[in-house]
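Containing mmCIF, C-alpha atoms: model-v8.cif.
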```cif
data_input
#
loop_
_atom_site.label_atom_id
_atom_site.label_comp_id
_atom_site.auth_asym_id
_atom_site.auth_seq_id
_atom_site.Cartn_x
_atom_site.Cartn_y
_atom_site.Cartn_z
CA MET B 174 83.91 91.48 73.40
CA PHE B 175 82.66 90.20 76.80
CA GLY B 176 79.55 92.31 76.22
CA LEU B 177 81.55 95.52 75.87
CA THR B 178 81.91 97.39 72.60
CA ILE B 179 85.31 98.17 71.10
CA GLU B 180 84.75 101.85 71.90
CA GLN B 181 84.11 101.10 75.55
CA ILE B 182 87.23 98.98 75.84
CA ALA B 183 89.23 101.68 74.06
CA PHE B 184 87.83 104.20 76.55
CA ILE B 185 89.08 102.11 79.46
CA PHE B 186 92.50 101.77 77.86
CA ARG B 187 92.66 105.54 77.35
CA GLY B 188 92.19 105.85 81.11
CA ALA B 189 95.04 103.36 81.57
CA GLY B 190 97.27 105.65 79.51
CA TRP B 191 96.56 108.52 81.89
CA THR B 192 97.25 106.26 84.85
CA ILE B 193 100.72 105.65 83.42
CA VAL B 194 101.22 109.37 82.77
CA LEU B 195 100.28 110.23 86.36
CA SER B 196 102.50 107.43 87.71
CA LEU B 197 105.49 108.74 85.77
CA LEU B 198 104.74 112.26 86.96
CA GLY B 199 104.54 111.05 90.54
CA PHE B 200 107.77 109.09 90.24
CA VAL B 201 109.78 111.83 88.55
CA GLY B 202 108.45 114.49 90.91
CA GLY B 203 108.91 112.16 93.86
CA THR B 204 112.52 111.55 92.85
CA ILE B 205 113.29 115.25 92.49
CA LEU B 206 111.78 116.10 95.86
CA GLY B 207 112.59 112.78 97.54
CA LEU B 208 116.36 112.97 97.06
CA PRO B 209 116.75 116.14 99.15
CA VAL B 210 114.39 114.62 101.72
CA ALA B 211 116.58 111.51 101.93
CA LEU B 212 119.75 113.59 102.24
CA ALA B 213 118.17 115.76 104.91
CA ARG B 214 116.93 112.70 106.79
CA ALA B 215 120.44 111.20 106.78
CA SER B 216 122.14 114.53 107.47
CA ARG B 217 124.32 115.27 110.49
CA ARG B 218 122.48 118.55 111.10
CA ARG B 219 119.74 117.98 113.64
CA SER B 220 117.51 120.79 112.33
CA LEU B 221 117.49 119.25 108.85
CA ARG B 222 116.74 115.82 110.29
CA THR B 223 113.77 116.96 112.37
CA GLY B 224 112.43 119.21 109.60
CA SER B 225 112.43 116.50 106.98
CA GLY B 226 111.22 113.99 109.55
CA LEU B 227 108.19 116.16 110.25
CA PHE B 228 107.45 116.39 106.53
CA VAL B 229 107.60 112.60 106.20
CA GLN B 230 105.41 112.05 109.27
CA LEU B 231 102.92 114.59 107.98
CA VAL B 232 102.54 113.03 104.54
CA GLN B 233 102.54 109.46 105.83
CA GLY B 234 99.85 110.28 108.41
CA ILE B 235 97.37 111.77 105.94
CA PRO B 236 95.45 109.66 103.42
CA LEU B 237 96.41 110.31 99.81
CA PRO B 238 92.84 111.20 98.75
CA VAL B 239 92.83 113.95 101.40
CA ILE B 240 96.21 115.22 100.14
CA MET B 241 94.67 115.29 96.66
CA PHE B 242 91.74 117.34 97.91
CA VAL B 243 93.94 119.76 99.85
CA VAL B 244 96.13 120.39 96.81
CA TYR B 245 93.14 120.63 94.50
CA PHE B 246 91.27 123.15 96.63
CA GLY B 247 94.46 124.88 97.70
CA ILE B 248 95.33 125.70 94.11
CA SER B 249 91.83 126.87 93.34
CA ILE B 250 91.70 129.36 96.24
CA GLY B 251 94.87 130.84 94.83
CA GLY B 252 92.66 131.87 91.96
CA TYR B 253 94.16 129.40 89.51
CA ASP B 254 92.06 126.99 87.56
CA VAL B 255 94.27 124.02 86.81
CA PRO B 256 93.39 120.65 85.30
CA ALA B 257 93.01 117.72 87.69
CA LEU B 258 96.21 116.25 86.23
CA VAL B 259 98.30 119.05 87.76
CA ALA B 260 96.67 118.77 91.17
CA ALA B 261 96.97 114.98 91.12
CA GLY B 262 100.58 115.26 89.93
CA ILE B 263 101.50 117.58 92.79
CA ALA B 264 99.74 115.35 95.32
CA MET B 265 101.50 112.25 93.95
CA THR B 266 104.82 114.11 94.07
CA LEU B 267 104.34 115.01 97.74
CA TYR B 268 103.20 111.51 98.57
CA SER B 269 105.96 109.61 96.80
CA SER B 270 108.71 112.00 97.89
CA ALA B 271 107.94 111.25 101.54
CA TYR B 272 108.05 107.50 101.03
CA LEU B 273 111.00 107.53 98.62
CA GLY B 274 112.85 109.84 101.00
CA GLU B 275 112.45 107.33 103.81
CA ILE B 276 113.42 104.40 101.58
CA TRP B 277 116.54 106.14 100.31
CA ARG B 278 117.55 107.32 103.76
CA GLY B 279 117.62 103.68 104.75
CA CYS B 280 119.76 102.88 101.72
CA ILE B 281 122.26 105.64 102.46
CA GLN B 282 122.53 104.52 106.08
CA ALA B 283 122.86 100.88 105.04
CA VAL B 284 126.26 101.61 103.51
CA PRO B 285 128.76 100.44 106.16
CA LYS B 286 130.42 103.11 108.27
CA THR B 287 133.84 101.83 107.29
CA GLN B 288 133.22 103.13 103.79
CA TRP B 289 132.92 106.67 105.17
CA GLU B 290 136.09 106.17 107.17
CA ALA B 291 137.95 104.76 104.17
CA GLY B 292 136.91 107.82 102.19
CA GLU B 293 138.23 110.03 104.92
CA CYS B 294 141.55 108.17 104.95
CA LEU B 295 141.89 108.86 101.24
CA ALA B 296 141.59 112.57 102.02
CA LEU B 297 138.35 112.98 100.09
CA THR B 298 136.21 115.97 100.92
CA ASN B 299 132.75 115.42 102.33
CA THR B 300 131.09 115.93 98.96
CA GLN B 301 133.56 113.69 97.18
CA ARG B 302 133.07 110.99 99.77
CA PHE B 303 129.35 111.14 99.35
CA VAL B 304 129.26 111.32 95.56
CA PHE B 305 132.02 108.84 94.70
CA VAL B 306 131.98 106.39 97.60
CA ILE B 307 128.61 106.30 99.32
CA LEU B 308 126.14 107.14 96.57
CA PRO B 309 127.14 104.40 94.09
CA GLN B 310 126.83 101.79 96.82
CA ALA B 311 123.57 103.22 98.15
CA LEU B 312 122.12 103.24 94.63
CA ARG B 313 122.72 99.52 94.30
CA ILE B 314 120.86 98.87 97.53
CA ALA B 315 118.10 101.28 96.52
CA VAL B 316 117.05 99.58 93.29
CA PRO B 317 114.83 96.77 94.65
CA PRO B 318 112.79 98.85 97.13
CA THR B 319 112.42 101.67 94.60
CA VAL B 320 111.03 99.35 91.95
CA GLY B 321 108.78 97.91 94.65
CA PHE B 322 107.53 101.36 95.52
CA LEU B 323 106.75 102.02 91.85
CA VAL B 324 104.01 99.44 92.25
CA GLN B 325 102.59 101.48 95.13
CA ILE B 326 102.69 104.61 92.99
CA VAL B 327 100.79 102.99 90.12
CA LYS B 328 98.18 101.57 92.47
CA ASN B 329 97.78 104.80 94.41
CA THR B 330 97.19 106.92 91.31
CA SER B 331 93.74 105.33 91.46
CA TYR B 332 92.94 107.68 94.36
CA ALA B 333 93.04 110.59 91.91
CA VAL B 334 89.51 109.50 91.00
CA VAL B 335 88.29 111.52 94.01
CA ILE B 336 89.18 114.82 92.32
CA GLY B 337 87.79 113.64 89.01
CA PHE B 338 91.04 112.83 87.24
CA PHE B 339 90.45 110.70 84.15
CA ASP B 340 92.50 107.61 84.93
CA LEU B 341 91.89 103.88 84.63
CA THR B 342 89.68 103.76 87.73
CA TYR B 343 87.65 106.72 86.54
CA SER B 344 87.13 105.38 83.04
CA ALA B 345 86.17 101.97 84.43
CA LYS B 346 83.67 103.65 86.73
CA VAL B 347 82.14 105.59 83.84
CA ILE B 348 81.80 102.47 81.70
CA ASN B 349 80.31 100.57 84.62
CA ASN B 350 77.76 103.32 85.18
CA SER B 351 76.61 103.11 81.58
CA THR B 352 76.71 99.34 81.10
CA PHE B 353 76.27 98.08 84.66
CA MET B 354 78.48 95.08 84.14
CA PRO B 355 80.73 95.53 87.19
CA PHE B 356 82.37 92.11 87.06
CA THR B 357 83.45 92.49 83.44
CA VAL B 358 84.47 96.12 83.68
CA PHE B 359 86.33 96.01 86.98
CA THR B 360 87.94 92.67 86.22
CA LEU B 361 89.28 94.23 83.03
CA ALA B 362 90.52 97.26 84.97
CA ALA B 363 92.08 95.03 87.63
CA LEU B 364 93.81 92.98 84.92
CA ILE B 365 95.28 96.12 83.37
CA TYR B 366 96.56 97.29 86.76
CA PHE B 367 97.90 93.81 87.38
CA ALA B 368 99.62 93.75 83.99
CA ILE B 369 101.41 96.99 84.88
CA CYS B 370 102.23 96.16 88.51
CA PHE B 371 102.99 92.46 88.58
CA PRO B 372 106.08 92.56 86.31
CA MET B 373 107.50 95.30 88.50
CA SER B 374 106.82 93.28 91.66
CA VAL B 375 108.60 90.29 90.14
CA LEU B 376 111.48 92.48 89.01
CA ALA B 377 111.81 94.01 92.47
CA ARG B 378 111.96 90.57 94.05
CA ARG B 379 114.54 89.37 91.51
CA PHE B 380 116.75 92.42 92.14
CA GLU B 381 116.45 91.83 95.86
CA ARG B 382 117.53 88.21 95.56
CA ARG B 383 120.46 89.16 93.35
CA LEU B 384 121.51 91.81 95.87
CA SER B 385 121.31 89.48 98.85
CA ARG B 386 123.36 86.83 97.02
CA SER B 387 126.21 89.16 96.20
CA MET J 191 92.87 136.84 89.40
CA ARG J 192 96.05 137.12 91.40
CA GLY J 193 94.40 139.36 93.96
CA CYS J 194 92.18 136.51 95.02
CA ALA J 195 95.08 134.75 96.63
CA LEU J 196 95.74 137.72 98.87
CA SER J 197 92.15 138.49 99.65
CA TYR J 198 91.16 134.94 100.50
CA GLU J 199 89.77 134.78 103.98
CA PHE J 200 89.85 131.57 105.89
CA ASP J 201 86.56 130.59 107.42
CA PHE J 202 86.43 127.71 109.85
CA SER J 203 82.89 128.36 111.10
CA PHE J 204 81.76 125.07 109.52
CA LEU J 205 83.49 123.34 112.44
CA ASN J 206 80.74 124.49 114.76
CA ASP J 207 77.86 123.82 112.41
CA TYR J 208 78.92 120.34 111.37
CA LEU J 209 80.50 118.99 114.56
CA PRO J 210 78.05 116.05 114.96
CA GLU J 211 78.64 115.00 111.35
CA LEU J 212 82.39 115.16 111.84
CA TRP J 213 82.18 113.00 114.96
CA HIS J 214 80.02 110.54 113.10
CA GLY J 215 82.62 110.36 110.32
CA ILE J 216 85.45 109.85 112.79
CA TRP J 217 83.60 107.02 114.51
CA LEU J 218 82.78 105.34 111.23
CA THR J 219 86.41 105.52 110.10
CA LEU J 220 87.66 104.13 113.42
CA GLY J 221 84.91 101.51 113.47
CA MET J 222 85.76 100.30 109.98
CA THR J 223 89.43 100.06 110.94
CA VAL J 224 88.98 98.29 114.26
CA VAL J 225 86.43 95.83 112.88
CA SER J 226 88.72 94.94 109.97
CA ILE J 227 91.97 94.46 111.89
CA VAL J 228 91.27 91.18 113.70
CA PRO J 229 89.67 89.21 110.84
CA GLY J 230 92.23 90.65 108.43
CA PHE J 231 95.05 89.51 110.68
CA ALA J 232 93.50 86.05 111.10
CA LEU J 233 93.01 85.68 107.35
CA GLY J 234 96.56 86.80 106.65
CA THR J 235 98.08 84.47 109.25
CA GLY J 236 96.04 81.57 107.90
CA CYS J 237 97.24 82.34 104.39
CA ALA J 238 100.86 82.61 105.53
CA VAL J 239 100.66 79.20 107.19
CA GLY J 240 98.90 77.79 104.14
CA ARG J 241 101.54 79.13 101.82
CA LEU J 242 104.40 77.74 103.89
CA TYR J 243 103.05 74.39 105.08
CA GLY J 244 99.91 73.69 103.04
CA PRO J 245 99.53 71.19 100.20
CA PRO J 246 100.65 72.46 96.76
CA TRP J 247 97.16 73.47 95.64
CA VAL J 248 96.68 75.59 98.77
CA GLN J 249 100.06 77.20 98.22
CA ARG J 250 99.15 78.04 94.64
CA LEU J 251 95.75 79.41 95.65
CA VAL J 252 97.23 81.62 98.36
CA THR J 253 99.90 82.88 95.97
CA ILE J 254 97.27 83.87 93.41
CA TYR J 255 95.21 85.61 96.11
CA VAL J 256 98.17 87.49 97.58
CA GLU J 257 99.66 88.57 94.25
CA GLY J 258 96.26 89.47 92.81
CA ILE J 259 95.36 91.71 95.73
CA ARG J 260 98.78 93.26 96.15
CA ASN J 261 99.07 94.25 92.50
CA THR J 262 95.66 95.91 92.08
CA PRO J 263 94.34 99.06 93.78
CA LEU J 264 92.01 98.79 96.76
CA ILE J 265 89.46 101.03 95.09
CA ILE J 266 89.04 98.63 92.15
CA GLN J 267 88.60 95.75 94.60
CA VAL J 268 85.96 97.73 96.46
CA PHE J 269 84.08 98.64 93.27
CA TRP J 270 84.27 95.05 92.05
CA LEU J 271 82.83 93.75 95.30
CA PHE J 272 80.23 96.43 95.95
CA PHE J 273 78.78 96.79 92.44
CA GLY J 274 79.28 93.10 91.77
CA LEU J 275 77.22 92.10 94.80
CA ALA J 276 74.53 94.54 93.69
CA VAL J 277 74.32 92.83 90.30
CA LEU J 278 74.08 89.44 91.99
CA GLN J 279 71.07 90.83 93.88
CA VAL J 280 72.88 90.45 97.20
CA ARG J 281 71.94 93.36 99.38
CA VAL J 282 74.97 94.54 101.34
CA GLY J 283 75.21 97.97 102.88
CA PRO J 284 78.23 100.17 102.17
CA PHE J 285 79.70 99.60 105.64
CA PRO J 286 79.76 95.77 105.53
CA ALA J 287 80.98 95.89 101.93
CA ALA J 288 83.79 98.24 102.94
CA VAL J 289 84.77 96.00 105.85
CA ILE J 290 84.76 92.87 103.66
CA ALA J 291 86.95 94.60 101.07
CA LEU J 292 89.34 95.85 103.76
CA VAL J 293 89.63 92.41 105.34
CA ILE J 294 90.39 90.79 101.98
CA ASN J 295 92.87 93.55 101.17
CA VAL J 296 94.75 93.69 104.44
CA GLY J 297 94.73 89.89 104.65
CA ALA J 298 96.94 89.70 101.56
CA TYR J 299 99.46 92.17 102.96
CA THR J 300 99.42 90.52 106.39
CA ALA J 301 100.04 87.16 104.71
CA GLU J 302 103.30 88.44 103.23
CA ILE J 303 104.39 90.03 106.50
CA MET J 304 103.55 86.94 108.56
CA ARG J 305 105.26 84.68 106.04
CA ALA J 306 108.44 86.69 106.50
CA GLY J 307 107.97 86.44 110.27
CA LEU J 308 107.45 82.67 110.23
CA GLN J 309 110.47 82.16 107.98
CA SER J 310 112.68 84.23 110.25
CA ILE J 311 112.23 81.95 113.26
CA PRO J 312 115.49 80.13 114.04
CA LYS J 313 115.55 76.38 113.35
CA GLY J 314 116.47 75.75 116.98
CA GLN J 315 113.01 76.83 118.11
CA LEU J 316 111.35 74.26 115.84
CA GLU J 317 113.73 71.54 117.01
CA ALA J 318 113.06 72.46 120.61
CA ALA J 319 109.33 72.21 119.97
CA ALA J 320 109.84 68.80 118.38
CA CYS J 321 111.95 67.69 121.35
CA LEU J 322 109.10 68.62 123.66
CA ALA J 323 106.92 66.25 121.61
CA LEU J 324 104.67 69.03 120.41
CA LYS J 325 102.51 68.15 117.44
CA PRO J 326 103.14 70.32 114.34
CA SER J 327 99.88 72.16 115.00
CA GLN J 328 100.85 72.78 118.63
CA SER J 329 104.31 73.95 117.59
CA LEU J 330 102.71 76.31 115.10
CA TRP J 331 100.14 77.67 117.50
CA SER J 332 102.21 78.07 120.63
CA VAL J 333 105.77 78.47 119.34
CA GLN J 334 105.93 79.78 115.80
CA ILE J 335 102.99 82.16 115.48
CA PRO J 336 103.59 84.06 118.76
CA GLN J 337 107.25 84.56 117.93
CA ALA J 338 106.48 85.53 114.34
CA VAL J 339 103.94 88.12 115.49
CA GLU J 340 106.41 89.59 117.93
CA ARG J 341 109.13 89.82 115.29
CA VAL J 342 107.02 91.50 112.60
CA TYR J 343 104.85 93.56 114.93
CA PRO J 344 106.19 96.98 113.77
CA ALA J 345 105.45 96.07 110.14
CA LEU J 346 101.96 94.92 111.10
CA VAL J 347 101.31 98.20 112.92
CA SER J 348 102.38 100.19 109.85
CA GLN J 349 100.13 98.06 107.68
CA PHE J 350 97.12 98.64 109.92
CA VAL J 351 97.76 102.39 110.01
CA LEU J 352 97.95 102.37 106.21
CA MET J 353 94.67 100.47 106.18
CA MET J 354 93.05 103.14 108.34
CA LEU J 355 94.23 105.80 105.90
CA ALA J 356 92.92 103.71 103.02
CA THR J 357 89.39 103.73 104.46
CA SER J 358 89.23 107.29 103.18
CA ILE J 359 88.11 106.07 99.76
CA MET J 360 85.11 104.19 101.11
CA SER J 361 83.01 107.30 100.57
CA GLN J 362 83.23 106.30 96.89
CA ILE J 363 80.72 103.56 97.68
CA SER J 364 78.74 105.98 99.90
CA ALA J 365 80.04 104.78 103.25
CA GLU J 366 79.98 108.17 104.95
CA GLU J 367 83.30 108.01 106.76
CA LEU J 368 85.40 111.07 107.52
CA THR J 369 86.36 111.91 103.93
CA GLY J 370 82.77 111.43 102.82
CA VAL J 371 81.60 113.80 105.56
CA ALA J 372 84.25 116.28 104.43
CA TYR J 373 82.92 116.14 100.89
CA MET J 374 79.40 116.72 102.15
CA ILE J 375 80.43 119.74 104.26
CA GLN J 376 82.48 121.09 101.38
CA SER J 377 79.53 120.91 99.01
CA PHE J 378 77.34 122.85 101.46
CA THR J 379 79.83 125.50 102.54
CA PHE J 380 82.14 125.79 99.51
CA ARG J 381 85.04 125.88 101.95
CA GLY J 382 86.90 122.97 100.38
CA PHE J 383 90.40 124.00 101.38
CA GLU J 384 89.65 124.64 105.04
CA VAL J 385 87.52 121.52 105.34
CA TYR J 386 90.24 119.26 103.98
CA LEU J 387 92.94 120.94 106.06
CA VAL J 388 90.93 120.13 109.17
CA ILE J 389 90.28 116.59 107.93
CA ALA J 390 93.99 116.12 107.25
CA GLY J 391 94.72 117.19 110.83
CA ILE J 392 92.14 114.76 112.19
CA TYR J 393 93.63 111.89 110.18
CA LEU J 394 97.09 112.82 111.42
CA VAL J 395 95.92 112.64 115.03
CA MET J 396 94.05 109.40 114.42
CA SER J 397 97.02 107.69 112.79
CA CYS J 398 99.25 108.72 115.70
CA LEU J 399 96.67 107.45 118.19
CA LEU J 400 96.21 104.17 116.37
CA ARG J 401 99.96 103.62 116.20
CA LEU J 402 100.40 104.40 119.89
CA THR J 403 97.47 102.17 120.85
CA LEU J 404 98.79 99.24 118.85
CA LEU J 405 102.28 99.68 120.28
CA GLY J 406 100.73 99.86 123.76
CA VAL J 407 98.92 96.59 123.07
CA ALA J 408 102.31 95.09 122.24
CA GLN J 409 103.79 96.26 125.54
CA VAL J 410 101.02 94.53 127.45
CA SER J 411 100.58 91.40 125.40
CA PHE J 412 104.12 90.24 124.66
CA PRO J 413 105.15 88.56 127.92
CA ARG J 414 108.86 88.60 127.14
CA ARG J 415 108.87 92.34 126.70
CA ARG J 416 106.70 92.84 129.77
CA ARG J 417 108.84 90.73 132.08
CA LEU J 418 112.32 91.31 130.74
CA GLY J 419 111.89 94.58 128.90
CA THR J 420 113.87 93.24 125.96
CA PRO J 421 112.68 92.78 122.42
CA LEU J 422 112.92 89.37 120.79
#
```
Entire entry expressed as structure tokens:
Amino acid sequence: MFGLTIEQIAFIFRGAGWTIVLSLLGFVGGTILGLPVALARASRRRSLRTGSGLFVQLVQGIPLPVIMFVVYFGISIGGYDVPALVAAGIAMTLYSSAYLGEIWRGCIQAVPKTQWEAGECLALTNTQRFVFVILPQALRIAVPPTVGFLVQIVKNTSYAVVIGFFDLTYSAKVINNSTFMPFTVFTLAALIYFAICFPMSVLARRFERRLSRS
Amino acid sequence: MRGCALSYEFDFSFLNDYLPELWHGIWLTLGMTVVSIVPGFALGTGCAVGRLYGPPWVQRLVTIYVEGIRNTPLIIQVFWLFFGLAVLQVRVGPFPAAVIALVINVGAYTAEIMRAGLQSIPKGQLEAAACLALKPSQSLWSVQIPQAVERVYPALVSQFVLMMLATSIMSQISAEELTGVAYMIQSFTFRGFEVYLVIAGIYLVMSCLLRLTLLGVAQVSFPRRRRLGTPL
């Protein structure tokens, strides 16, 4: 097919599977770490705000490939020999938690102040106010940008190629090295990425429109 | 094996030995970024105008370009271009290939940002331009685009900083920018962790500097802000 054998195409698709695995890992990890970051960023305590702000600035000011390398070599000097998936997963978690934290901070702060005041009038405690009044509303606002950021996560897993993680980019590179048909191979890889990302982009836009209408 | 963690000694002596290489990497990274910003911005603005005011076929073409680029990773685009040109027997060095890929990439993102900027301009401005008998092209050039740039400037700055960070994969096509230099030092000294910590610090400083520089450019070049001190 297009000058590639079935085995070669299957090899590329196997890489695509690992791209999805790493994306999910990055998103789940990013959610677990990103939620506290968002809460700390929106907190009333100044120390929490500056601390989490520094973390976000740090991660957003360093290229993801370099984060991958730091994690990869950092683990190995600890004397542990871990597969590239773990290192890439940790790096993706750090990366997406910083961005998701910032996105969700915006969503929490986008809930009108009057909602906080209304909660207070109803004699809710701080936690109750946050969990039952603010969070449900913030979640609704958070859906479109979060889906949009998923696209970034999927695309940025391609940087894991620098530490030799077997993802779609890596498998495409290997096949290109052996066949030297860059247009075919990389167009196929780009189409697979596009097939994963484009529906999510469309979905994000649709959610956004629905939100702005209501 | 646990003991290794405790007995690991940091060794930053490579900093002295490889200083010229590091400088070279920094300059290449900055060079790639600066060279790509202006054409990337021009391409993006052109595409935004084309998508909003162009004939239907232009609109469709720009949409395909923007969506295609925005939904695929930069590294695949770079490989496609670099190895593809090699197959076509076109000899392009890694640096020009990297710049071309960056321009094409950042153009697509800029197009979306500028489109949002152009759409956010109040109708009254367009009517005022029409009242002054400006041609559509004049209105676009001297009313809409300057205001759009001023409105979306923070987003543009973020995009350009992200682009600078993204140059770090250009070592994959053997453009020896900072990350490529780091890999080279690491393979000679086996001090991977220290090397990349230092590189991370350098990138952090560079992204701060780039952001500050671009914001400084805004202070000087937006006359409203300079004279009145108020944002748009």
Give one line per residue of chain B that approaches chain J to at most 6 Å, naming the two atoms of the closest pair and their distance in Å to one decimal, counting only C-alpha atoms; sort by chain then ascending residue number and deliver it as CSV.
```
residue,atom,partner,partner_atom,distance
B:Gly234,CA,J:Leu394,CA,4.8
B:Ile235,CA,J:Leu394,CA,5.6
B:Pro236,CA,J:Leu355,CA,4.7
B:Val243,CA,J:Tyr386,CA,5.6
B:Phe246,CA,J:Phe383,CA,4.9
B:Gly247,CA,J:Phe383,CA,5.5
B:Gly251,CA,J:Ala195,CA,4.3
B:Gly252,CA,J:Cys194,CA,5.6
B:Lys328,CA,J:Pro263,CA,4.8
B:Pro355,CA,J:Gly274,CA,5.4
B:Phe356,CA,J:Gly274,CA,5.7
B:Phe359,CA,J:Trp270,CA,5.6
B:Ala363,CA,J:Thr262,CA,5.8
B:Tyr366,CA,J:Thr262,CA,5.6
B:Phe367,CA,J:Asn261,CA,5.3
B:Cys370,CA,J:Asn261,CA,5.4
B:Phe371,CA,J:Asn261,CA,5.8
```
- Task: Name the residues that the PyMOL selection byres ((chain B and resi 245) around 12) picks from the file above, as a VMD selection string, using the file's chain letters and numbers.
- Result: (chain B and resid 238 to 244 246 to 265 333 335 to 338) or (chain J and resid 382 to 384 386 to 387)
- Message: To test your reading of the syntax: which residues would the PyMOL selection byres ((chain B and resi 175-192) around 12) return for the file shown? Reply as number ranges by chain.
- Response: B: 174, 193-199, 257-258, 261-262, 265, 326-334, 337-370; J: 263
Take the residues that were just selected and, keeping C-alpha atoms, output them as an mmCIF file, in the frame of the given file.
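Saved the output as out-v1.cif:
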```
data_model
loop_
_atom_site.group_PDB
_atom_site.id
_atom_site.type_symbol
_atom_site.label_atom_id
_atom_site.label_comp_id
_atom_site.auth_asym_id
_atom_site.auth_seq_id
_atom_site.Cartn_x
_atom_site.Cartn_y
_atom_site.Cartn_z
ATOM 1 C CA MET B 174 83.910 91.480 73.400
ATOM 2 C CA ILE B 193 100.720 105.650 83.420
ATOM 3 C CA VAL B 194 101.220 109.370 82.770
ATOM 4 C CA LEU B 195 100.280 110.230 86.360
ATOM 5 C CA SER B 196 102.500 107.430 87.710
ATOM 6 C CA LEU B 197 105.490 108.740 85.770
ATOM 7 C CA LEU B 198 104.740 112.260 86.960
ATOM 8 C CA GLY B 199 104.540 111.050 90.540
ATOM 9 C CA ALA B 257 93.010 117.720 87.690
ATOM 10 C CA LEU B 258 96.210 116.250 86.230
ATOM 11 C CA ALA B 261 96.970 114.980 91.120
ATOM 12 C CA GLY B 262 100.580 115.260 89.930
ATOM 13 C CA MET B 265 101.500 112.250 93.950
ATOM 14 C CA ILE B 326 102.690 104.610 92.990
ATOM 15 C CA VAL B 327 100.790 102.990 90.120
ATOM 16 C CA LYS B 328 98.180 101.570 92.470
ATOM 17 C CA ASN B 329 97.780 104.800 94.410
ATOM 18 C CA THR B 330 97.190 106.920 91.310
ATOM 19 C CA SER B 331 93.740 105.330 91.460
ATOM 20 C CA TYR B 332 92.940 107.680 94.360
ATOM 21 C CA ALA B 333 93.040 110.590 91.910
ATOM 22 C CA VAL B 334 89.510 109.500 91.000
ATOM 23 C CA GLY B 337 87.790 113.640 89.010
ATOM 24 C CA PHE B 338 91.040 112.830 87.240
ATOM 25 C CA PHE B 339 90.450 110.700 84.150
ATOM 26 C CA ASP B 340 92.500 107.610 84.930
ATOM 27 C CA LEU B 341 91.890 103.880 84.630
ATOM 28 C CA THR B 342 89.680 103.760 87.730
ATOM 29 C CA TYR B 343 87.650 106.720 86.540
ATOM 30 C CA SER B 344 87.130 105.380 83.040
ATOM 31 C CA ALA B 345 86.170 101.970 84.430
ATOM 32 C CA LYS B 346 83.670 103.650 86.730
ATOM 33 C CA VAL B 347 82.140 105.590 83.840
ATOM 34 C CA ILE B 348 81.800 102.470 81.700
ATOM 35 C CA ASN B 349 80.310 100.570 84.620
ATOM 36 C CA ASN B 350 77.760 103.320 85.180
ATOM 37 C CA SER B 351 76.610 103.110 81.580
ATOM 38 C CA THR B 352 76.710 99.340 81.100
ATOM 39 C CA PHE B 353 76.270 98.080 84.660
ATOM 40 C CA MET B 354 78.480 95.080 84.140
ATOM 41 C CA PRO B 355 80.730 95.530 87.190
ATOM 42 C CA PHE B 356 82.370 92.110 87.060
ATOM 43 C CA THR B 357 83.450 92.490 83.440
ATOM 44 C CA VAL B 358 84.470 96.120 83.680
ATOM 45 C CA PHE B 359 86.330 96.010 86.980
ATOM 46 C CA THR B 360 87.940 92.670 86.220
ATOM 47 C CA LEU B 361 89.280 94.230 83.030
ATOM 48 C CA ALA B 362 90.520 97.260 84.970
ATOM 49 C CA ALA B 363 92.080 95.030 87.630
ATOM 50 C CA LEU B 364 93.810 92.980 84.920
ATOM 51 C CA ILE B 365 95.280 96.120 83.370
ATOM 52 C CA TYR B 366 96.560 97.290 86.760
ATOM 53 C CA PHE B 367 97.900 93.810 87.380
ATOM 54 C CA ALA B 368 99.620 93.750 83.990
ATOM 55 C CA ILE B 369 101.410 96.990 84.880
ATOM 56 C CA CYS B 370 102.230 96.160 88.510
ATOM 57 C CA PRO J 263 94.340 99.060 93.780
#
```
- Message: What does the structure give for the distance between atom CA of B:Val306 and atom CA of B:Glu293, in Å to one decimal?
- Response: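 Pair atom CA of B:Val306 / atom CA of B:Glu293 returns 10.3 Å.
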Leaving out stretch 236-253 of chain J and any residue of its chain fewer than 3 positions from it, which residues lie within 7 Å of it when counting only C-alpha atoms, given as a tab-separated table (two decimals) with C-alpha atoms, in the frame of the given file?
```
chain	number	residue	atom	x	y	z
J	232	ALA	CA	93.50	86.05	111.10
J	233	LEU	CA	93.01	85.68	107.35
J	256	VAL	CA	98.17	87.49	97.58
J	257	GLU	CA	99.66	88.57	94.25
J	301	ALA	CA	100.04	87.16	104.71
J	302	GLU	CA	103.30	88.44	103.23
J	304	MET	CA	103.55	86.94	108.56
J	305	ARG	CA	105.26	84.68	106.04
```
- Query: Taking the file as shown, what set of residues would the PyMOL selection byres ((chain J and resi 224) around 12) give back, as a list in words?
  - Reply: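 Going through the file, the PyMOL selection byres ((chain J and resi 224) around 12) ends up selecting Trp217, Leu218, Thr219, Leu220, Gly221, Met222, Thr223, Val225, Ser226, Ile227, Val228, Pro229, Gly230, Phe231, Val289, Leu292, Val293, Phe350, Val351, Met353, Met354, Thr357, Leu400, Thr403 and Leu404 of chain J.
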- Query: What is the atom CA of B:Arg302 to atom CA of B:Ala315 distance in Å?
  - Reply: 18.1 Å
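One distance worth recording is that between atom CA of J:Ile363 and atom CA of J:Ala287, which is 8.8 Å.
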